[in-house]
>>> print(open('my_file.txt').read())   # compact mmCIF, C-alpha atoms and all ligand atoms
# COMPACT_ATOMS: atom_id res chain seq x y z
CA MET G 911 -24.28 -12.63 70.20
CA GLU G 912 -27.30 -12.72 72.47
CA ASP G 913 -25.03 -13.99 75.26
CA LEU G 914 -22.71 -11.08 74.64
CA ASN G 915 -25.61 -8.61 74.82
CA GLN G 916 -26.69 -10.21 78.07
CA PHE G 917 -23.11 -9.97 79.35
CA ARG G 918 -23.05 -6.28 78.39
CA LEU G 919 -26.18 -5.61 80.43
CA GLU G 920 -24.73 -7.42 83.42
CA VAL G 921 -21.45 -5.53 83.18
CA ARG G 922 -23.29 -2.23 82.84
CA ALA G 923 -25.36 -2.95 85.94
CA TRP G 924 -22.33 -4.11 87.92
CA LEU G 925 -20.31 -1.02 87.00
CA ALA G 926 -23.22 1.27 87.85
CA ALA G 927 -23.46 -0.32 91.28
CA ASN G 928 -19.74 -0.68 92.01
CA CYS G 929 -17.75 2.10 90.41
CA PRO G 930 -17.73 5.03 92.87
CA PRO G 931 -18.66 8.37 91.22
CA SER G 932 -15.23 9.81 92.09
CA GLN G 933 -13.65 7.02 90.03
CA ARG G 934 -15.47 8.21 86.91
CA GLN G 935 -13.68 11.55 86.85
CA PRO G 936 -10.70 12.50 84.66
CA MET G 937 -7.51 11.55 86.42
CA GLY G 938 -4.04 13.01 86.84
CA ALA G 939 -0.79 11.10 87.46
CA ASP G 940 -1.30 11.39 91.23
CA ASP G 941 -4.59 9.48 90.97
CA GLN G 942 -2.98 6.30 89.64
CA TYR G 943 -2.57 3.23 91.83
CA TRP G 944 0.49 1.10 90.98
CA GLY G 945 0.25 -1.52 93.75
CA GLY G 946 3.34 -3.16 95.21
CA ARG G 947 4.69 -3.80 98.69
CA ARG G 948 4.92 -0.06 99.33
CA GLY G 949 1.93 0.95 97.21
CA THR G 950 -0.42 3.60 98.58
CA PHE G 951 -3.90 4.41 97.35
CA PRO G 952 -4.60 7.97 96.25
CA SER G 953 -7.99 7.84 98.03
CA GLU G 954 -10.39 5.55 99.89
CA ASP G 955 -12.58 5.37 96.78
CA ALA G 956 -9.62 4.32 94.64
CA LYS G 957 -8.97 1.51 97.14
CA LEU G 958 -12.61 0.41 97.11
CA TRP G 959 -12.75 0.49 93.29
CA PHE G 960 -9.49 -1.46 92.98
CA GLU G 961 -10.63 -4.09 95.52
CA ARG G 962 -13.97 -4.59 93.80
CA MET G 963 -12.35 -4.99 90.39
CA ARG G 964 -9.63 -7.28 91.79
CA ASP G 965 -12.22 -9.51 93.46
CA LYS G 966 -13.97 -9.94 90.08
CA GLY G 967 -10.61 -10.75 88.49
CA TRP G 968 -11.14 -7.72 86.28
CA THR G 969 -7.75 -6.14 86.87
CA ALA G 970 -6.72 -8.89 84.39
CA PRO G 971 -10.03 -9.67 82.65
CA GLU G 972 -8.70 -12.26 80.18
CA TRP G 973 -6.27 -14.14 82.43
CA PRO G 974 -7.25 -17.60 83.69
CA THR G 975 -9.42 -17.71 86.80
CA GLN G 976 -7.09 -20.29 88.39
CA TYR G 977 -4.53 -17.49 88.84
CA GLY G 978 -7.05 -14.86 89.91
CA GLY G 979 -7.86 -13.46 86.46
CA GLY G 980 -11.36 -12.80 85.12
CA GLY G 981 -11.41 -15.69 82.62
CA LEU G 982 -13.25 -13.53 80.06
CA SER G 983 -13.14 -14.21 76.34
CA PRO G 984 -11.56 -11.47 74.16
CA GLN G 985 -15.08 -10.38 73.14
CA GLU G 986 -16.25 -10.15 76.75
CA ALA G 987 -13.10 -8.27 77.74
CA ARG G 988 -13.78 -5.82 74.95
CA VAL G 989 -17.34 -5.31 76.20
CA LEU G 990 -16.00 -4.63 79.69
CA LYS G 991 -13.53 -2.11 78.29
CA GLU G 992 -16.23 -0.38 76.25
CA GLU G 993 -18.61 -0.19 79.19
CA MET G 994 -15.88 1.20 81.45
CA LYS G 995 -15.07 3.78 78.82
CA THR G 996 -18.73 4.79 78.50
CA ILE G 997 -18.93 5.75 82.18
CA HIS G 998 -15.33 7.12 82.17
CA ALA G 999 -14.28 4.54 84.76
CA ARG G 1000 -10.66 4.85 85.82
CA THR G 1001 -8.13 2.07 85.36
CA PRO G 1002 -8.04 0.53 88.88
CA LEU G 1003 -4.44 -0.76 88.71
CA TYR G 1004 -1.49 0.47 86.67
CA SER G 1005 1.07 -2.28 86.35
CA ILE G 1006 3.99 -3.33 84.19
CA GLY G 1007 3.28 -6.80 85.57
CA LEU G 1008 -0.19 -6.75 84.00
CA TRP G 1009 0.86 -5.18 80.71
CA MET G 1010 4.16 -6.90 80.01
CA LEU G 1011 5.49 -9.56 82.36
CA GLY G 1012 2.27 -11.46 83.08
CA PRO G 1013 1.50 -12.36 79.45
CA ALA G 1014 5.11 -13.55 78.99
CA VAL G 1015 5.02 -15.71 82.14
CA LEU G 1016 1.66 -17.17 81.09
CA GLU G 1017 3.23 -18.13 77.77
CA TYR G 1018 6.77 -19.16 78.78
CA GLY G 1019 6.71 -19.68 82.56
CA ASN G 1020 6.40 -23.03 84.31
CA GLU G 1021 3.51 -23.85 86.62
CA ALA G 1022 5.41 -22.87 89.79
CA GLN G 1023 6.24 -19.46 88.28
CA LYS G 1024 2.62 -18.91 87.28
CA GLN G 1025 1.48 -19.83 90.79
CA GLN G 1026 4.01 -17.51 92.38
CA HIS G 1027 3.72 -14.48 90.15
CA ILE G 1028 0.46 -14.28 88.21
CA ARG G 1029 -1.95 -13.96 91.13
CA ALA G 1030 0.39 -11.49 92.85
CA ILE G 1031 0.25 -9.34 89.69
CA VAL G 1032 -3.55 -9.55 89.42
CA ASN G 1033 -3.83 -8.58 93.10
CA GLY G 1034 -1.38 -5.71 92.74
CA GLU G 1035 0.83 -7.16 95.47
CA ILE G 1036 4.10 -6.91 93.56
CA ARG G 1037 5.23 -3.97 91.45
CA TRP G 1038 7.50 -4.94 88.57
CA CYS G 1039 10.02 -3.03 86.49
CA GLN G 1040 11.80 -3.85 83.26
CA GLY G 1041 15.55 -4.54 83.16
CA TYR G 1042 16.39 -4.65 79.45
CA SER G 1043 18.45 -1.54 78.53
CA GLU G 1044 22.06 -1.07 79.60
CA PRO G 1045 24.46 1.85 79.23
CA GLY G 1046 25.99 0.09 76.20
CA ALA G 1047 22.89 -1.75 75.01
CA GLY G 1048 19.91 0.43 74.07
CA SER G 1049 18.75 0.09 70.48
CA ASP G 1050 21.34 -2.68 70.14
CA LEU G 1051 19.76 -4.61 72.99
CA ALA G 1052 21.40 -7.94 72.13
CA SER G 1053 24.79 -6.45 73.10
CA LEU G 1054 23.81 -6.52 76.77
CA GLN G 1055 26.56 -7.41 79.23
CA CYS G 1056 24.88 -7.80 82.63
CA LYS G 1057 25.95 -11.35 83.37
CA ALA G 1058 24.52 -14.28 85.29
CA GLU G 1059 27.05 -16.99 86.10
CA ASP G 1060 25.87 -20.49 86.80
CA MET G 1061 26.99 -21.32 90.36
CA GLY G 1062 25.30 -24.72 90.58
CA ASP G 1063 22.24 -24.02 92.70
CA HIS G 1064 21.93 -20.33 91.79
CA PHE G 1065 23.00 -17.63 89.33
CA LEU G 1066 25.39 -14.89 90.39
CA VAL G 1067 24.34 -11.63 88.72
CA ASN G 1068 26.68 -8.68 88.16
CA GLY G 1069 26.19 -5.57 86.03
CA SER G 1070 23.66 -2.81 85.64
CA LYS G 1071 20.47 -1.82 83.84
CA ILE G 1072 19.54 1.70 82.80
CA TRP G 1073 16.29 3.63 82.19
CA THR G 1074 14.50 1.22 84.56
CA THR G 1075 11.28 3.18 84.93
CA GLY G 1076 10.10 3.39 88.54
CA ALA G 1077 12.77 0.95 89.78
CA ASP G 1078 13.14 2.80 93.09
CA LYS G 1079 9.48 2.03 93.84
CA CYS G 1080 9.41 -1.54 92.50
CA ASP G 1081 9.65 -4.90 94.24
CA TRP G 1082 10.85 -7.24 91.48
CA ILE G 1083 12.62 -6.72 88.16
CA PHE G 1084 12.56 -8.93 85.05
CA CYS G 1085 15.99 -8.92 83.45
CA LEU G 1086 17.76 -9.98 80.32
CA VAL G 1087 21.15 -11.34 81.36
CA ARG G 1088 24.15 -12.75 79.52
CA THR G 1089 24.56 -16.43 80.33
CA ASN G 1090 26.86 -17.33 77.46
CA PRO G 1091 29.37 -14.81 76.03
CA ASN G 1092 30.82 -17.25 73.48
CA VAL G 1093 27.96 -17.59 71.00
CA LYS G 1094 25.98 -15.34 68.64
CA LYS G 1095 24.79 -12.42 70.82
CA GLN G 1096 21.10 -13.36 70.83
CA GLU G 1097 21.81 -17.00 71.67
CA GLY G 1098 23.57 -16.31 74.99
CA ILE G 1099 20.82 -14.36 76.73
CA SER G 1100 18.47 -15.59 79.47
CA PHE G 1101 15.36 -14.12 81.11
CA LEU G 1102 15.60 -13.86 84.92
CA LEU G 1103 13.19 -12.68 87.61
CA ILE G 1104 14.96 -10.91 90.48
CA ASP G 1105 13.59 -9.84 93.86
CA MET G 1106 14.90 -6.31 94.39
CA ASP G 1107 15.04 -6.88 98.16
CA ASP G 1108 17.83 -9.41 97.55
CA PRO G 1109 21.26 -8.32 98.85
CA GLY G 1110 23.34 -6.59 96.18
CA VAL G 1111 20.47 -4.89 94.25
CA THR G 1112 20.54 -1.08 94.41
CA THR G 1113 18.84 1.67 92.43
CA SER G 1114 19.91 5.20 91.69
CA PRO G 1115 17.45 7.73 90.21
CA ILE G 1116 18.59 9.53 87.05
CA PRO G 1117 17.76 13.25 87.36
CA LEU G 1118 15.93 14.63 84.34
CA ILE G 1119 15.99 18.20 83.05
CA SER G 1120 12.44 18.64 84.43
CA GLY G 1121 13.77 18.05 87.95
CA GLU G 1122 11.68 14.91 88.22
CA SER G 1123 13.19 11.46 88.20
CA GLU G 1124 11.12 8.66 86.74
CA PHE G 1125 14.13 6.68 85.52
CA CYS G 1126 16.77 4.79 87.47
CA GLN G 1127 19.95 2.91 86.95
CA THR G 1128 19.75 -0.44 88.73
CA PHE G 1129 22.93 -2.16 89.89
CA PHE G 1130 23.57 -5.84 90.58
CA ASP G 1131 26.57 -6.62 92.75
CA ASN G 1132 27.03 -10.37 93.32
CA VAL G 1133 23.27 -10.95 93.54
CA LYS G 1134 22.36 -14.58 94.19
CA VAL G 1135 19.30 -15.51 92.11
CA PRO G 1136 17.64 -18.92 92.58
CA LYS G 1137 17.69 -21.15 89.51
CA GLU G 1138 13.89 -21.41 89.59
CA ASN G 1139 13.67 -17.72 88.63
CA LEU G 1140 14.78 -18.50 85.07
CA VAL G 1141 11.83 -18.10 82.66
CA GLY G 1142 12.04 -20.37 79.61
CA GLU G 1143 15.18 -22.27 78.71
CA LEU G 1144 18.71 -21.21 79.58
CA ASN G 1145 20.10 -19.04 76.74
CA ALA G 1146 16.67 -18.82 75.10
CA GLY G 1147 15.66 -15.54 76.78
CA TRP G 1148 15.69 -13.61 73.51
CA SER G 1149 12.43 -15.32 72.47
CA VAL G 1150 10.79 -14.45 75.80
CA ALA G 1151 12.11 -10.88 75.46
CA LYS G 1152 10.61 -10.48 71.98
CA ALA G 1153 7.24 -11.90 73.03
CA LEU G 1154 7.17 -9.45 75.92
CA LEU G 1155 8.00 -6.56 73.57
CA VAL G 1156 4.90 -7.35 71.50
CA HIS G 1157 2.85 -6.64 74.63
CA GLU G 1158 4.90 -3.52 75.36
CA ARG G 1159 4.26 -2.18 71.86
CA LYS G 1160 0.55 -2.81 72.26
CA LEU G 1161 0.65 -0.92 75.52
CA MET G 1162 2.44 2.00 73.86
CA ALA G 1163 -0.12 2.08 71.08
CA GLU G 1164 -2.97 2.11 73.62
CA ILE G 1165 -1.60 4.83 75.88
CA GLY G 1166 -4.28 7.42 76.50
CA SER G 1167 -7.13 5.19 75.36
CA ASP G 1168 -8.07 3.93 78.84
CA SER G 1169 -8.81 6.25 81.71
CA PRO G 1170 -9.97 9.77 80.95
CA ARG G 1171 -7.07 12.15 81.59
CA GLN G 1172 -6.96 15.79 82.53
CA ILE G 1173 -5.52 16.77 79.17
CA LEU G 1174 -6.87 19.02 76.49
CA GLN G 1175 -7.51 17.05 73.29
CA PRO G 1176 -6.09 18.74 70.14
CA ASN G 1177 -9.56 19.19 68.62
CA MET G 1178 -10.86 20.88 71.74
CA ALA G 1179 -7.74 23.01 72.02
CA ALA G 1180 -8.18 24.08 68.39
CA ARG G 1181 -11.77 25.14 69.03
CA GLU G 1182 -10.72 27.08 72.07
CA TYR G 1183 -7.54 28.76 70.87
CA LEU G 1184 -7.43 28.96 67.04
CA GLU G 1185 -9.00 31.39 64.62
CA PHE G 1186 -11.66 30.06 62.22
CA GLU G 1187 -12.64 31.26 58.74
CA ASN G 1188 -15.80 29.94 57.08
CA GLY G 1189 -15.97 27.12 59.61
CA LYS G 1190 -12.34 26.07 58.93
CA ILE G 1191 -9.20 26.59 60.98
CA ALA G 1192 -7.67 29.68 59.38
CA ASP G 1193 -4.04 28.55 59.52
CA ALA G 1194 -3.58 25.88 56.82
CA THR G 1195 -0.48 24.37 58.46
CA LEU G 1196 -2.26 23.85 61.74
CA ARG G 1197 -5.34 22.57 59.91
CA ASN G 1198 -3.24 19.96 58.12
CA ALA G 1199 -1.46 18.95 61.33
CA LEU G 1200 -4.80 18.42 63.03
CA VAL G 1201 -6.16 16.36 60.15
CA GLU G 1202 -3.00 14.25 60.18
CA TYR G 1203 -3.44 13.69 63.90
CA ASP G 1204 -7.07 12.63 63.39
CA MET G 1205 -6.05 10.22 60.63
CA LEU G 1206 -3.34 8.74 62.84
CA MET G 1207 -5.82 8.22 65.67
CA GLN G 1208 -8.17 6.48 63.20
CA ALA G 1209 -5.27 4.25 62.15
CA VAL G 1210 -4.50 3.45 65.80
CA GLY G 1211 -8.15 2.51 66.37
CA LEU G 1212 -8.20 0.26 63.30
CA THR G 1213 -4.92 -1.36 64.36
CA HIS G 1214 -6.36 -2.16 67.77
CA PHE G 1215 -9.36 -3.66 66.03
CA ARG G 1216 -7.08 -5.77 63.81
CA SER G 1217 -5.18 -7.02 66.86
CA PHE G 1218 -8.46 -7.88 68.55
CA GLU G 1219 -9.78 -9.77 65.51
CA GLU G 1220 -6.52 -11.73 65.24
CA LYS G 1221 -6.74 -12.68 68.89
CA ASN G 1222 -10.33 -13.87 68.35
CA HIS G 1223 -9.09 -16.16 65.61
CA GLY G 1224 -6.13 -17.50 67.59
CA ILE G 1225 -3.57 -15.67 65.47
CA ARG G 1226 -0.57 -14.44 67.41
CA SER G 1227 -0.30 -10.69 67.14
CA GLY G 1228 2.89 -9.44 65.54
CA ALA G 1229 4.36 -5.98 65.46
CA HIS G 1230 1.20 -3.91 64.98
CA GLY G 1231 2.09 -1.58 67.83
CA HIS G 1232 5.39 -0.95 66.09
CA GLU G 1233 3.52 -0.10 62.88
CA VAL G 1234 1.41 2.43 64.71
CA ARG G 1235 4.47 3.99 66.32
CA ARG G 1236 6.36 4.09 63.04
CA HIS G 1237 3.48 5.78 61.25
CA GLY G 1238 3.06 8.14 64.15
CA SER G 1239 6.68 9.20 64.49
C1 LIG A 1 9.80 6.61 78.43
C2 LIG A 1 10.83 5.53 78.37
C3 LIG A 1 10.80 4.53 79.33
C4 LIG A 1 11.75 3.49 79.29
N1 LIG A 1 11.69 2.54 80.25
C5 LIG A 1 12.57 1.52 80.21
C6 LIG A 1 12.53 0.49 81.19
O1 LIG A 1 11.70 0.52 82.13
N2 LIG A 1 13.42 -0.51 81.10
C7 LIG A 1 14.33 -0.58 80.11
O2 LIG A 1 15.08 -1.56 80.07
N3 LIG A 1 14.44 0.39 79.17
C8 LIG A 1 13.57 1.45 79.19
N4 LIG A 1 13.67 2.44 78.24
C9 LIG A 1 14.76 2.40 77.27
C10 LIG A 1 14.30 2.16 75.82
O3 LIG A 1 13.43 1.10 75.73
C11 LIG A 1 15.48 2.02 74.84
O4 LIG A 1 16.25 0.89 75.09
C12 LIG A 1 16.38 3.14 74.93
O5 LIG A 1 15.70 4.35 75.02
C13 LIG A 1 17.25 3.19 73.66
O6 LIG A 1 18.56 3.16 74.03
P1 LIG A 1 19.50 4.45 74.23
O7 LIG A 1 18.76 5.49 75.00
O8 LIG A 1 20.78 3.93 74.76
O9 LIG A 1 19.67 5.04 72.78
P2 LIG A 1 20.70 4.55 71.65
O10 LIG A 1 20.49 3.12 71.36
O11 LIG A 1 22.07 4.98 72.04
O12 LIG A 1 20.19 5.40 70.45
C14 LIG A 1 20.46 6.82 70.40
C15 LIG A 1 20.06 7.33 69.04
O13 LIG A 1 20.84 6.67 68.01
C16 LIG A 1 19.98 6.07 67.05
N5 LIG A 1 20.56 4.79 66.63
C17 LIG A 1 20.90 3.76 67.41
N6 LIG A 1 21.45 2.77 66.66
C18 LIG A 1 21.43 3.20 65.38
C19 LIG A 1 21.86 2.63 64.15
N7 LIG A 1 22.42 1.42 64.08
N8 LIG A 1 21.69 3.34 63.02
C20 LIG A 1 21.14 4.58 63.07
N9 LIG A 1 20.73 5.18 64.21
C21 LIG A 1 20.87 4.50 65.35
C22 LIG A 1 18.66 5.86 67.77
O14 LIG A 1 17.57 5.83 66.87
C23 LIG A 1 18.60 7.07 68.68
O15 LIG A 1 18.10 8.19 68.00
C24 LIG A 1 12.74 3.48 78.27
C25 LIG A 1 12.77 4.50 77.32
C26 LIG A 1 11.83 5.52 77.38
C27 LIG A 1 11.91 6.61 76.33
>>> encode(input="my_file.txt", output="C-alpha cells")
Amino acid sequence: MEDLNQFRLEVRAWLAANCPPSQRQPMGADDQYWGGRRGTFPSEDAKLWFERMRDKGWTAPEWPTQYGGGGLSPQEARVLKEEMKTIHARTPLYSIGLWMLGPAVLEYGNEAQKQQHIRAIVNGEIRWCQGYSEPGAGSDLASLQCKAEDMGDHFLVNGSKIWTTGADKCDWIFCLVRTNPNVKKQEGISFLLIDMDDPGVTTSPIPLISGESEFCQTFFDNVKVPKENLVGELNAGWSVAKALLVHERKLMAEIGSDSPRQILQPNMAAREYLEFENGKIADATLRNALVEYDMLMQAVGLTHFRSFEEKNHGIRSGAHGHEVRRHGS
C-alpha cells in the first residue's frame, strides 16, 4: 500500500509537470485525437500531451512494456486514472484498437501479430474499425455471410459489413468472416485482420437523419488477405469475437467517465432549469427520474469496482457491462 501511495505521488507530480493546462479543460468531439495514418491533432498541445503519454506507455497503461504499454498493475492503472480525473486531464488517444482489438490480440493473437499490431495501437499509428454487423446479421450476428475462401496461401474475402463506425477514416478493420458454411453457424466463423488499403476494400458512408455520417457500409470485393492475418484458430473466431465484446461492453459502460465533456450533467441542469419547493424538485416525475438516474450511476460505479476487483484476483470479467446496459435501458 505504501508503494501505491508513493506511486500516486509520482504520478501526481508527473501529471502536474506534463499535462498542458489546455488539456485539462472540458472537451468537445472536435478535441479528440483518434490517431491513424491520416490522423490529425486538434492542437499542438494535444500532440504534446499525446506524445508524452505515449512515451510513458500510458496510452495503454496495463499492456506489457515489450509492446510499448505501461506495464502497470491494475491498482497502479487505477491510481493513474484517478489522478488524471482529479486534474480533469483529457484522454490523449481515442482508439477502438486500444479498447477492443488490442486486448483480444493480446489474448488470442500469436507473437508475430502482437509484434505487428500492439505497439502500433499504443502509438496511435493505426486506426481500427469493427467489422461484425452485416445487413442480414445484426442482433443475430452468427448468421453473418461475408465469406473468406481458403485459396492456399491467402483468403479471398467477399461480402460487406454495415454500421462500421468511422470506417472511412480507418486504416485496418477486424472482421468476422464465414469460413465454413456447412456447420453450426457459430462453428464456421473466423476472425480476420484486414488492411483497408488492400485492393477491393471500399467504404460508403451511411447518411443519418442529422445530416452527419458516422457510420459506413464496408465492401469486400475479391480482397486477398494473407493467412497470417487470422487471429486464433480457423473456424474458432466466435470465441475471439465474444472475448472482444466483453471489452466493448466495458467501454460502453464507461462512456462519459473519462475526459470531462462539455455537457450539462442532469443534476446541474435540474438546479438551473427546474422549480424547487422546500428544497425539493417540485415536479415529482422529474424528481423520480433524476433519482433513478443517480441510482443507475451508482450502480455503474459499483459495477466498475466489481470488474476491477475481479481483475485484481485474476478472475476473467464476464458480462458486467451488459448488466449495466440492461439495467440502464
Ligand atoms: C452507435 C453504434 C455503433 C455501432 N458500431 C458498429 C461497428 O463499428 N461495427 C459493427 O459491426 N457494428 C456496429 N454497430 C451495430 C450494432 O452493434 C448491432 O449489431 C446492430 O445495431 C444491431 O443490428 P441491426 O441494426 O441490424 O438490428 P436488428 O438485429 O435488425 O434488430 C432490430 C430490432 O429488432 C429487435 N430484435 C432483433 N432480433 C430479435 C428477436 N429475435 N426477438 C425480438 N426482437 C428482436 C432488436 O432488439 C431491435 O430492436 C453499431 C451500433 C450502434 C448503435
>>> closest_residue(input="my_file.txt", among="G:Ala1180, G:Ile1028, G:Ala1146, G:Leu1118", to="ligand LIG 1 (chain A)", atoms="all atoms listed in the file")
G:Leu1118
>>> closest_residue(input="my_file.txt", among="G:Ile1031, G:Ile1099, G:Met1205, G:Leu1054", to="Leu1011 (chain G)", atoms="only C-alpha atoms")
G:Ile1031
>>> axis_aligned_box(input="my_file.txt", around="region 1095-1110 of chain G", padding_each_side="3 Å", output="lines of an AutoDock Vina configuration file")
center_x = 19.0
center_y = -11.7
center_z = 84.8
size_x = 17.6
size_y = 16.7
size_z = 34.0
>>> atom_distance(input="my_file.txt", atom1="CA of Leu914 (chain G)", atom2="CA of Ala1014 (chain G)")
28.3 Å
>>> residues_near_ligand(input="my_file.txt", ligand="ligand LIG 1 (chain A)", cutoff="8 Å", atoms="only C-alpha atoms and all ligand atoms", output="PyMOL selection string")
chain G and resi 1039-1051+1071-1077+1125
>>> atom_distance(input="my_file.txt", atom1="CA of Leu1003 (chain G)", atom2="CA of Gln942 (chain G)")
7.3 Å
>>> atom_distance(input="my_file.txt", atom1="CA of Gln1025 (chain G)", atom2="CA of Gly945 (chain G)")
18.6 Å
>>> residues_around(input="my_file.txt", residues="region 1089-1098 of chain G", least_positions_apart="3", cutoff="6 Å", atoms="only C-alpha atoms", output="count of residues only")
3
>>> closest_residue(input="my_file.txt", among="G:Leu1102, G:Met1178, G:Val1141, G:Leu925", to="Lys995 (chain G)", atoms="only C-alpha atoms")
G:Leu925
>>> closest_residue(input="my_file.txt", among="G:Ala939, G:Leu1103, G:Val1150, G:Ala926", to="Glu1017 (chain G)", atoms="all atoms listed in the file")
G:Val1150
>>> closest_residue(input="my_file.txt", among="G:Ile1116, G:Met994, G:Leu982, G:Ala1151", to="Met1010 (chain G)", atoms="only C-alpha atoms")
G:Ala1151
>>> closest_residue(input="my_file.txt", among="G:Arg922, G:Lys957, G:Arg1088, G:Lys1024", to="Thr996 (chain G)", atoms="all atoms listed in the file")
G:Arg922
>>> residues_near_point(input="my_file.txt", point="(28.3, -6.5, 85.4)", cutoff="6 Å", atoms="all atoms listed in the file", output="number ranges by chain")
G: 1056-1057, 1068-1070
>>> residues_around(input="my_file.txt", residues="region 1192-1195 of chain G", least_positions_apart="6", cutoff="12 Å", atoms="only C-alpha atoms", output="list of chain:residue names")
G:Ala1180, G:Arg1181, G:Tyr1183, G:Leu1184, G:Glu1185, G:Phe1186, G:Val1201, G:Glu1202
